[in-house]
file data-v2.cif (mmCIF, C-alpha atoms)
data_start
loop_
_atom_site.label_atom_id
_atom_site.label_comp_id
_atom_site.auth_asym_id
_atom_site.auth_seq_id
_atom_site.Cartn_x
_atom_site.Cartn_y
_atom_site.Cartn_z
CA MET A 6 -29.05 138.75 -65.07
CA ARG A 7 -28.99 141.36 -62.36
CA PRO A 8 -25.49 142.64 -61.61
CA THR A 9 -23.92 141.56 -58.28
CA ARG A 10 -23.55 144.40 -55.80
CA TYR A 11 -20.48 144.72 -53.59
CA PHE A 12 -20.31 146.74 -50.38
CA GLY A 13 -17.49 149.13 -50.00
CA ALA A 14 -15.34 149.05 -46.85
CA GLY A 15 -17.21 151.95 -45.26
CA ALA A 16 -20.61 150.32 -45.82
CA MET A 17 -19.37 147.02 -44.37
CA VAL A 18 -18.11 148.69 -41.19
CA ALA A 19 -21.42 150.48 -40.75
CA ALA A 20 -23.36 147.23 -41.13
CA VAL A 21 -21.23 145.38 -38.57
CA ALA A 22 -21.54 148.25 -36.11
CA SER A 23 -25.30 148.19 -36.51
CA LEU A 24 -25.40 144.46 -35.76
CA LEU A 25 -23.22 144.87 -32.65
CA ILE A 26 -25.46 147.63 -31.29
CA CYS A 27 -28.53 145.42 -31.74
CA ALA A 28 -26.81 142.47 -30.04
CA CYS A 29 -25.78 144.57 -27.03
CA ALA A 30 -29.31 145.90 -26.69
CA ALA A 31 -30.70 142.39 -26.82
CA GLY A 32 -28.22 141.25 -24.15
CA ARG A 33 -29.32 144.05 -21.87
CA HIS A 34 -33.04 143.73 -22.36
CA GLY A 35 -33.73 140.34 -23.95
CA SER A 36 -37.07 140.27 -25.73
CA LEU A 37 -38.81 142.43 -23.12
CA SER A 38 -39.79 145.99 -23.77
CA PRO A 39 -38.80 148.60 -21.17
CA SER A 40 -42.36 148.61 -19.84
CA ALA A 41 -42.32 144.82 -19.45
CA GLN A 42 -39.09 145.03 -17.47
CA ARG A 43 -40.60 147.60 -15.12
CA ALA A 44 -43.57 145.29 -14.65
CA GLY A 45 -41.40 142.48 -13.26
CA GLY A 46 -39.38 140.81 -16.02
CA PRO A 47 -36.12 138.87 -15.45
CA ALA A 48 -34.16 141.96 -14.38
CA SER A 49 -36.51 142.66 -11.46
CA THR A 50 -36.65 138.95 -10.53
CA LEU A 51 -32.88 138.76 -10.11
CA SER A 52 -32.80 141.87 -7.95
CA ALA A 53 -35.37 140.28 -5.64
CA VAL A 54 -33.15 137.30 -4.71
CA PRO A 55 -32.18 137.71 -1.02
CA SER A 56 -28.51 138.18 -0.31
CA PRO A 57 -26.68 135.67 1.95
CA PRO A 58 -26.72 136.47 5.67
CA ARG A 59 -23.90 138.66 6.83
CA THR A 60 -21.21 136.78 8.74
CA ARG A 61 -19.09 138.69 11.25
CA VAL A 62 -15.69 137.27 12.14
CA GLN A 63 -14.17 137.77 15.57
CA VAL A 64 -10.80 136.68 16.91
CA ILE A 65 -11.55 135.18 20.33
CA GLY A 66 -7.98 134.20 21.17
CA ARG A 67 -4.80 132.64 19.87
CA SER A 68 -3.29 129.18 20.05
CA VAL A 69 0.06 128.20 21.55
CA GLU A 70 1.65 128.79 18.13
CA GLY A 71 -0.13 132.11 17.67
CA HIS A 72 -2.84 131.02 15.24
CA ALA A 73 -6.07 132.99 15.52
CA ILE A 74 -9.09 131.16 16.98
CA LEU A 75 -12.00 132.56 15.00
CA ALA A 76 -15.70 132.78 15.79
CA ARG A 77 -18.08 133.52 12.92
CA VAL A 78 -21.35 135.11 13.98
CA VAL A 79 -24.41 134.47 11.81
CA GLY A 80 -27.33 136.64 12.92
CA ALA A 81 -27.41 139.56 15.32
CA PRO A 82 -24.58 139.25 17.90
CA ALA A 83 -26.90 140.63 20.61
CA ALA A 84 -29.70 138.14 19.88
CA SER A 85 -31.40 136.71 22.95
CA ARG A 86 -30.78 133.08 21.89
CA ARG A 87 -27.14 132.33 21.17
CA ILE A 88 -25.96 128.94 20.02
CA LEU A 89 -22.28 128.08 20.01
CA VAL A 90 -21.20 125.34 17.60
CA VAL A 91 -17.61 124.04 17.75
CA GLY A 92 -16.55 121.98 14.74
CA CYS A 93 -13.21 120.63 15.96
CA VAL A 94 -11.77 120.19 19.47
CA HIS A 95 -9.28 117.40 18.77
CA GLY A 96 -7.17 118.01 15.68
CA ASN A 97 -7.61 114.48 14.35
CA GLU A 98 -11.43 114.63 14.64
CA ARG A 99 -12.38 117.24 12.06
CA ALA A 100 -15.66 116.05 10.51
CA GLY A 101 -17.67 118.65 12.44
CA GLU A 102 -16.03 121.49 10.53
CA ALA A 103 -18.23 120.65 7.54
CA ILE A 104 -21.25 121.48 9.70
CA THR A 105 -19.94 124.81 10.96
CA ARG A 106 -18.99 125.79 7.40
CA ARG A 107 -22.47 124.85 6.18
CA LEU A 108 -24.04 127.00 8.89
CA ARG A 109 -22.23 130.12 7.66
CA SER A 110 -24.71 130.45 4.80
CA VAL A 111 -27.99 129.84 6.64
CA THR A 112 -30.46 132.40 7.92
CA PRO A 113 -30.99 131.75 11.65
CA PRO A 114 -34.47 132.03 13.16
CA SER A 115 -35.54 135.45 14.34
CA GLY A 116 -34.09 136.35 17.73
CA SER A 117 -31.21 133.87 17.49
CA ALA A 118 -27.56 133.98 16.49
CA LEU A 119 -25.10 131.21 15.67
CA TRP A 120 -21.54 131.51 16.93
CA LEU A 121 -19.45 129.15 14.83
CA VAL A 122 -15.93 128.06 15.78
CA ASP A 123 -14.49 125.80 13.10
CA GLU A 124 -11.28 124.99 14.97
CA PHE A 125 -10.96 125.40 18.73
CA ASN A 126 -7.56 123.71 18.38
CA PRO A 127 -5.94 125.16 15.23
CA ASP A 128 -2.46 123.85 16.08
CA GLY A 129 -3.73 120.30 16.49
CA CYS A 130 -5.76 120.57 13.28
CA GLY A 131 -2.63 121.62 11.42
CA ARG A 132 -0.65 118.73 12.91
CA ASP A 133 -3.48 116.14 12.72
CA THR A 134 -3.05 115.47 16.45
CA ARG A 135 -5.63 115.16 19.20
CA GLN A 136 -3.64 117.52 21.43
CA ASN A 137 -2.55 121.12 20.99
CA ALA A 138 1.03 122.18 20.23
CA ARG A 139 2.08 121.51 23.86
CA GLY A 140 0.64 118.03 23.79
CA VAL A 141 -2.42 118.91 25.93
CA ASP A 142 -5.84 117.35 25.46
CA LEU A 143 -7.97 120.49 25.62
CA ASN A 144 -11.00 118.48 26.72
CA ARG A 145 -9.17 117.58 29.95
CA ASN A 146 -7.95 121.12 30.63
CA SER A 147 -11.01 122.91 32.05
CA SER A 148 -11.35 123.71 35.73
CA TRP A 149 -14.18 121.19 36.21
CA HIS A 150 -12.65 118.51 38.48
CA TRP A 151 -9.28 119.04 36.80
CA THR A 152 -6.88 116.20 37.56
CA PRO A 153 -3.25 115.73 36.47
CA LEU A 154 -3.34 113.07 33.77
CA GLU A 155 -0.44 111.51 31.87
CA ARG A 156 2.57 113.36 30.45
CA PRO A 157 2.93 115.82 27.55
CA GLY A 158 1.85 114.12 24.35
CA GLY A 159 -0.12 111.43 26.18
CA THR A 160 -3.59 110.85 24.79
CA TYR A 161 -5.32 112.54 27.73
CA TYR A 162 -2.54 114.76 29.07
CA SER A 163 -4.41 117.43 31.02
CA GLY A 164 -1.72 120.13 31.15
CA THR A 165 0.14 121.69 34.04
CA GLY A 166 -3.06 122.95 35.67
CA PRO A 167 -6.65 123.95 34.92
CA LEU A 168 -6.88 126.35 31.98
CA SER A 169 -3.13 126.19 31.46
CA GLU A 170 -3.63 126.47 27.69
CA PRO A 171 -4.46 129.68 25.80
CA GLU A 172 -7.09 127.86 23.73
CA SER A 173 -8.94 126.79 26.87
CA ARG A 174 -8.86 130.31 28.30
CA ALA A 175 -10.14 131.73 25.01
CA ILE A 176 -13.17 129.44 24.84
CA VAL A 177 -14.00 129.99 28.53
CA ARG A 178 -13.95 133.75 27.95
CA LEU A 179 -16.29 133.32 24.99
CA ILE A 180 -18.76 131.13 26.89
CA THR A 181 -18.72 133.51 29.86
CA ARG A 182 -19.36 136.43 27.54
CA LEU A 183 -22.11 134.77 25.50
CA ARG A 184 -24.05 132.88 28.15
CA GLN A 185 -25.63 131.08 25.20
CA ALA A 186 -28.50 128.71 25.77
CA VAL A 187 -26.91 125.81 23.90
CA SER A 188 -23.41 124.83 22.86
CA ILE A 189 -22.68 121.83 20.67
CA TRP A 190 -19.22 120.29 20.48
CA TYR A 191 -18.35 117.86 17.71
CA HIS A 192 -16.04 114.92 18.29
CA GLN A 193 -15.53 111.51 16.67
CA HIS A 194 -15.86 108.49 16.26
CA ALA A 195 -18.53 106.94 18.49
CA ALA A 196 -21.63 107.96 16.44
CA LEU A 197 -23.88 109.15 19.30
CA VAL A 198 -25.18 112.17 21.16
CA ASP A 199 -23.72 112.16 24.67
CA ASP A 200 -26.20 112.70 27.51
CA SER A 201 -23.68 112.61 30.37
CA SER A 202 -22.51 116.23 30.58
CA GLY A 203 -25.40 117.51 32.68
CA GLY A 204 -27.39 119.59 30.19
CA SER A 205 -31.07 119.39 29.31
CA LEU A 206 -31.98 115.84 28.29
CA ALA A 207 -34.98 117.17 26.36
CA ILE A 208 -32.75 119.31 24.16
CA GLU A 209 -30.22 116.54 23.67
CA ARG A 210 -32.96 114.02 22.84
CA ARG A 211 -34.54 116.41 20.36
CA TYR A 212 -31.23 116.88 18.59
CA ALA A 213 -30.45 113.16 18.56
CA ARG A 214 -33.79 112.42 16.90
CA ALA A 215 -33.28 115.17 14.33
CA VAL A 216 -29.90 113.84 13.21
CA GLY A 217 -30.60 110.13 13.57
CA LEU A 218 -28.04 109.31 16.26
CA PRO A 219 -28.66 107.41 19.50
CA LEU A 220 -28.70 109.32 22.80
CA ARG A 221 -26.30 107.54 25.14
CA SER A 222 -23.92 108.18 28.00
CA TYR A 223 -20.32 108.31 26.84
CA GLY A 224 -18.82 108.86 30.27
CA VAL A 225 -17.83 111.78 32.49
CA PHE A 226 -14.24 113.02 32.29
CA PRO A 227 -12.28 115.41 34.53
CA GLY A 228 -11.50 118.70 32.81
CA SER A 229 -14.37 118.32 30.32
CA ILE A 230 -15.38 121.62 28.73
CA THR A 231 -19.06 120.76 28.41
CA SER A 232 -19.26 119.58 32.02
CA TRP A 233 -17.63 122.84 33.12
CA GLN A 234 -20.19 124.93 31.23
CA ASN A 235 -23.18 122.98 32.54
CA SER A 236 -21.84 123.27 36.08
CA ALA A 237 -20.92 126.96 35.85
CA TYR A 238 -24.13 127.99 34.06
CA PRO A 239 -26.90 125.56 35.01
CA ARG A 240 -29.47 127.25 32.78
CA ASP A 241 -27.34 126.54 29.71
CA THR A 242 -27.05 123.23 27.89
CA ALA A 243 -23.71 122.07 26.50
CA PHE A 244 -23.40 118.64 24.95
CA VAL A 245 -21.06 116.53 22.85
CA VAL A 246 -22.00 115.01 19.52
CA GLU A 247 -19.77 112.09 18.58
CA LEU A 248 -19.86 111.85 14.78
CA PRO A 249 -19.05 108.63 12.90
CA SER A 250 -15.57 107.98 11.55
CA GLY A 251 -14.48 109.64 8.34
CA SER A 252 -15.91 112.66 6.57
CA LEU A 253 -19.64 113.37 6.69
CA PRO A 254 -21.80 112.85 3.58
CA ALA A 255 -23.52 116.01 2.35
CA ALA A 256 -26.92 114.70 3.47
CA SER A 257 -25.63 114.23 7.03
CA VAL A 258 -24.11 117.72 7.08
CA ALA A 259 -27.47 119.16 6.03
CA ARG A 260 -29.30 117.12 8.68
CA HIS A 261 -27.06 118.39 11.47
CA ALA A 262 -27.41 121.98 10.27
CA GLU A 263 -31.20 121.63 10.22
CA GLY A 264 -31.14 120.12 13.71
CA ILE A 265 -29.24 123.14 15.03
CA LEU A 266 -31.64 125.57 13.37
CA ALA A 267 -34.56 123.69 14.93
CA LEU A 268 -33.00 124.15 18.38
CA ALA A 269 -32.42 127.83 17.65
CA ALA A 270 -36.07 128.29 16.74
CA ARG A 271 -37.31 127.13 20.14
CA ALA A 272 -37.08 128.57 23.61
CA THR A 273 -33.85 126.83 24.49
CA ARG A 274 -33.36 127.68 28.15
CA GLY A 275 -34.60 125.58 31.01
#
call {"tool": "encode", "arguments": {"input": "data-v2.cif", "output": "structure tokens"}}
result
Amino acid sequence: MRPTRYFGAGAMVAAVASLLICACAAGRHGSLSPSAQRAGGPASTLSAVPSPPRTRVQVIGRSVEGHAILARVVGAPAASRRILVVGCVHGNERAGEAITRRLRSVTPPSGSALWLVDEFNPDGCGRDTRQNARGVDLNRNSSWHWTPLERPGGTYYSGTGPLSEPESRAIVRLITRLRQAVSIWYHQHAALVDDSSGGSLAIERRYARAVGLPLRSYGVFPGSITSWQNSAYPRDTAFVVELPSGSLPAASVARHAEGILALAARATRG
């Protein structure tokens, strides 16, 4: 019988160290030789994956309670085609925020930029109320045919005068600055694309088909933001999308995002 051999402590340490060095080398290089890696192995494949588009964040104003109203810009801010997407106007109608969040990670078509405002009414979103912190319906507060409506806290209370609210003034400044070709404003719960604001019916129809919602008139309201934009800048198109009740399924979020990108890819003025 051959005698059993035992490793001393020093030999054992050396053996373990050798195994660890081999394992680390394998983790770095896998089974590829250095020449194979230079020729396009896994390391070069990973480095070729495009990075997400850069998103720039701008504070466009502050709410009654001092919360920042943020616009996230995806694409070049000076792009010739600018599309404004507002996820939430009324604080108890927040489904559209899923769409603006989804759009943060897309790559917009060449020559276009997306300006994404998750919450135009951050105070109302925090309170789960239609109105802002002073009880004003911001979609009755623009200067377009402004009319005194109801009292503070009433469903359609229009404020003490046109643009009485800091949120309204902030969004008007942004629209005036951007002169974007299209702005899309998400509301709930009628499940339609509204064709009554005065924008391009062709653009509104194209979007309605893309997202699978009917194109219908939902009425014209004094102090409407979209009606103000279409009146002040006739070459632009602003329209309301009334989403269904509840949160949007992931497939619907993707469909709306794709519909916006399709609009951005076309010549959107006119």
call {"tool": "atom_distance", "arguments": {"input": "data-v2.cif", "atom1": "CA of Val78 in chain A", "atom2": "CA of Tyr191 in chain A"}}
result
17.9 Å
call {"tool": "resolve_selection", "arguments": {"input": "data-v2.cif", "expression": "the PyMOL selection byres ((chain A and resi 201) around 7)", "output": "list in words"}}
result
Asp199, Asp200, Ser202, Gly203, Ser222, Tyr223, Gly224 and Val225 of chain A
call {"tool": "write_last_selection", "arguments": {"input": "data-v2.cif", "atoms": "C-alpha atoms", "output": "CSV table (one decimal), in the coordinates of the input"}}
result
chain,number,residue,atom,x,y,z
A,199,ASP,CA,-23.7,112.2,24.7
A,200,ASP,CA,-26.2,112.7,27.5
A,202,SER,CA,-22.5,116.2,30.6
A,203,GLY,CA,-25.4,117.5,32.7
A,222,SER,CA,-23.9,108.2,28.0
A,223,TYR,CA,-20.3,108.3,26.8
A,224,GLY,CA,-18.8,108.9,30.3
A,225,VAL,CA,-17.8,111.8,32.5
call {"tool": "residues_near_point", "arguments": {"input": "data-v2.cif", "point": "(-15.1, 126.4, 37.6)", "cutoff": "10 Å", "atoms": "only C-alpha atoms", "output": "list of chain:residue names"}}
result
A:Ser147, A:Ser148, A:Trp149, A:His150, A:Trp151, A:Pro167, A:Leu168, A:Val177, A:Gly228, A:Ser232, A:Trp233, A:Gln234, A:Ser236, A:Ala237, A:Tyr238
call {"tool": "write_last_selection", "arguments": {"input": "data-v2.cif", "atoms": "C-alpha atoms", "output": "PDB file, in the coordinates of the input"}}
result
ATOM      1  CA  SER A 147     -11.010 122.910  32.050  1.00  0.00           C
ATOM      2  CA  SER A 148     -11.350 123.710  35.730  1.00  0.00           C
ATOM      3  CA  TRP A 149     -14.180 121.190  36.210  1.00  0.00           C
ATOM      4  CA  HIS A 150     -12.650 118.510  38.480  1.00  0.00           C
ATOM      5  CA  TRP A 151      -9.280 119.040  36.800  1.00  0.00           C
ATOM      6  CA  PRO A 167      -6.650 123.950  34.920  1.00  0.00           C
ATOM      7  CA  LEU A 168      -6.880 126.350  31.980  1.00  0.00           C
ATOM      8  CA  VAL A 177     -14.000 129.990  28.530  1.00  0.00           C
ATOM      9  CA  GLY A 228     -11.500 118.700  32.810  1.00  0.00           C
ATOM     10  CA  SER A 232     -19.260 119.580  32.020  1.00  0.00           C
ATOM     11  CA  TRP A 233     -17.630 122.840  33.120  1.00  0.00           C
ATOM     12  CA  GLN A 234     -20.190 124.930  31.230  1.00  0.00           C
ATOM     13  CA  SER A 236     -21.840 123.270  36.080  1.00  0.00           C
ATOM     14  CA  ALA A 237     -20.920 126.960  35.850  1.00  0.00           C
ATOM     15  CA  TYR A 238     -24.130 127.990  34.060  1.00  0.00           C
TER      16      TYR A 238
END
call {"tool": "resolve_selection", "arguments": {"input": "data-v2.cif", "expression": "the PyMOL selection byres ((chain A and resi 63-74) around 6)", "output": "PyMOL selection string"}}
result
chain A and resi 62+75-76+171-172+175
call {"tool": "closest_atom_pairs", "arguments": {"input": "data-v2.cif", "of": "range 78-101 of chain A", "to": "range 246-267 of chain A", "cutoff": "8 Å", "atoms": "only C-alpha atoms", "output": "tab-separated table"}}
result
residue	atom	partner	partner_atom	distance
A:Arg99	CA	A:Ser252	CA	8.0
A:Ala100	CA	A:Ser252	CA	5.2
A:Gly101	CA	A:Leu248	CA	7.5
call {"tool": "write_last_selection", "arguments": {"input": "data-v2.cif", "atoms": "C-alpha atoms", "output": "PDB file, keeping the file's coordinate frame"}}
result
ATOM      1  CA  ARG A  99     -12.380 117.240  12.060  1.00  0.00           C
ATOM      2  CA  ALA A 100     -15.660 116.050  10.510  1.00  0.00           C
ATOM      3  CA  GLY A 101     -17.670 118.650  12.440  1.00  0.00           C
TER       4      GLY A 101
END
call {"tool": "closest_residue", "arguments": {"input": "data-v2.cif", "among": "A:Arg178, A:Trp190, A:Ala243, A:Arg221", "to": "Ile208 in chain A", "atoms": "all atoms listed in the file"}}
result
A:Ala243
call {"tool": "resolve_selection", "arguments": {"input": "data-v2.cif", "expression": "the PyMOL selection byres ((chain A and resi 209) around 8)", "output": "number ranges by chain"}}
result
A: 198-200, 204-208, 210-213, 220, 244
call {"tool": "residues_near_point", "arguments": {"input": "data-v2.cif", "point": "(0.8, 119.7, 21.2)", "cutoff": "12 Å", "atoms": "all atoms listed in the file", "output": "number ranges by chain"}}
result
A: 68-70, 95-96, 126-143, 156-164, 170, 172
call {"tool": "atom_distance", "arguments": {"input": "data-v2.cif", "atom1": "CA of Pro227 in chain A", "atom2": "CA of Leu121 in chain A"}}
result
25.1 Å
call {"tool": "build_atoms", "arguments": {"input": "data-v2.cif", "residues": "range 186-197 of chain A", "atoms": "all heavy atoms", "output": "tab-separated table (two decimals), in the frame of the given file"}}
result
chain	number	residue	atom	x	y	z
A	186	ALA	N	-27.62	129.72	25.23
A	186	ALA	CA	-28.50	128.71	25.77
A	186	ALA	C	-28.00	127.31	25.47
A	186	ALA	O	-28.18	126.39	26.25
A	186	ALA	CB	-29.90	128.89	25.18
A	187	VAL	N	-27.35	127.15	24.33
A	187	VAL	CA	-26.91	125.81	23.90
A	187	VAL	C	-25.52	125.92	23.30
A	187	VAL	O	-25.22	126.86	22.57
A	187	VAL	CB	-27.86	125.22	22.84
A	187	VAL	CG1	-27.31	123.92	22.27
A	187	VAL	CG2	-29.25	124.99	23.42
A	188	SER	N	-24.66	124.97	23.62
A	188	SER	CA	-23.41	124.83	22.86
A	188	SER	C	-23.25	123.36	22.48
A	188	SER	O	-23.53	122.46	23.27
A	188	SER	CB	-22.19	125.35	23.64
A	188	SER	OG	-21.91	124.53	24.74
A	189	ILE	N	-22.81	123.16	21.25
A	189	ILE	CA	-22.68	121.83	20.67
A	189	ILE	C	-21.24	121.65	20.25
A	189	ILE	O	-20.69	122.47	19.51
A	189	ILE	CB	-23.63	121.67	19.46
A	189	ILE	CG1	-25.08	121.91	19.90
A	189	ILE	CG2	-23.49	120.29	18.83
A	189	ILE	CD1	-26.04	122.10	18.75
A	190	TRP	N	-20.64	120.56	20.71
A	190	TRP	CA	-19.22	120.29	20.48
A	190	TRP	C	-19.09	118.99	19.71
A	190	TRP	O	-19.51	117.93	20.19
A	190	TRP	CB	-18.49	120.18	21.82
A	190	TRP	CG	-18.59	121.41	22.66
A	190	TRP	CD1	-19.69	121.87	23.33
A	190	TRP	CD2	-17.56	122.36	22.91
A	190	TRP	NE1	-19.41	123.03	23.99
A	190	TRP	CE2	-18.10	123.36	23.75
A	190	TRP	CE3	-16.22	122.46	22.53
A	190	TRP	CZ2	-17.35	124.45	24.21
A	190	TRP	CZ3	-15.47	123.54	22.97
A	190	TRP	CH2	-16.04	124.51	23.81
A	191	TYR	N	-18.48	119.06	18.53
A	191	TYR	CA	-18.35	117.86	17.71
A	191	TYR	C	-17.04	117.15	17.97
A	191	TYR	O	-15.97	117.75	18.01
A	191	TYR	CB	-18.47	118.22	16.22
A	191	TYR	CG	-19.87	118.61	15.85
A	191	TYR	CD1	-20.19	119.92	15.55
A	191	TYR	CD2	-20.90	117.67	15.83
A	191	TYR	CE1	-21.49	120.29	15.22
A	191	TYR	CE2	-22.20	118.03	15.51
A	191	TYR	CZ	-22.47	119.35	15.20
A	191	TYR	OH	-23.77	119.71	14.90
A	192	HIS	N	-17.17	115.84	18.13
A	192	HIS	CA	-16.04	114.92	18.29
A	192	HIS	C	-16.28	113.74	17.33
A	192	HIS	O	-17.27	113.70	16.61
A	192	HIS	CB	-15.94	114.41	19.73
A	192	HIS	CG	-15.56	115.46	20.74
A	192	HIS	ND1	-14.29	115.57	21.27
A	192	HIS	CD2	-16.29	116.45	21.33
A	192	HIS	CE1	-14.25	116.57	22.14
A	192	HIS	NE2	-15.46	117.12	22.19
A	193	GLN	N	-15.39	112.78	17.38
A	193	GLN	CA	-15.53	111.51	16.67
A	193	GLN	C	-14.90	110.43	17.55
A	193	GLN	O	-14.11	110.74	18.44
A	193	GLN	CB	-14.79	111.57	15.31
A	193	GLN	CG	-15.51	112.46	14.26
A	193	GLN	CD	-14.75	112.56	12.97
A	193	GLN	OE1	-13.77	113.32	12.88
A	193	GLN	NE2	-15.16	111.78	11.97
A	194	HIS	N	-15.24	109.14	17.42
A	194	HIS	CA	-15.86	108.49	16.26
A	194	HIS	C	-16.97	107.55	16.74
A	194	HIS	O	-17.23	106.52	16.13
A	194	HIS	CB	-14.81	107.64	15.52
A	194	HIS	CG	-13.56	108.40	15.20
A	194	HIS	ND1	-13.46	109.18	14.06
A	194	HIS	CD2	-12.36	108.53	15.85
A	194	HIS	CE1	-12.26	109.72	14.00
A	194	HIS	NE2	-11.57	109.36	15.08
A	195	ALA	N	-17.63	107.89	17.83
A	195	ALA	CA	-18.53	106.94	18.49
A	195	ALA	C	-19.95	106.93	17.92
A	195	ALA	O	-20.74	106.07	18.27
A	195	ALA	CB	-18.59	107.23	19.99
A	196	ALA	N	-20.31	107.91	17.09
A	196	ALA	CA	-21.63	107.96	16.44
A	196	ALA	C	-22.77	107.97	17.46
A	196	ALA	O	-23.61	107.07	17.49
A	196	ALA	CB	-21.79	106.81	15.46
A	197	LEU	N	-22.82	109.01	18.30
A	197	LEU	CA	-23.88	109.15	19.30
A	197	LEU	C	-23.96	110.59	19.77
A	197	LEU	O	-23.07	111.40	19.53
A	197	LEU	CB	-23.63	108.22	20.49
A	197	LEU	CG	-22.30	108.32	21.26
A	197	LEU	CD1	-22.31	109.43	22.30
A	197	LEU	CD2	-21.97	107.00	21.93
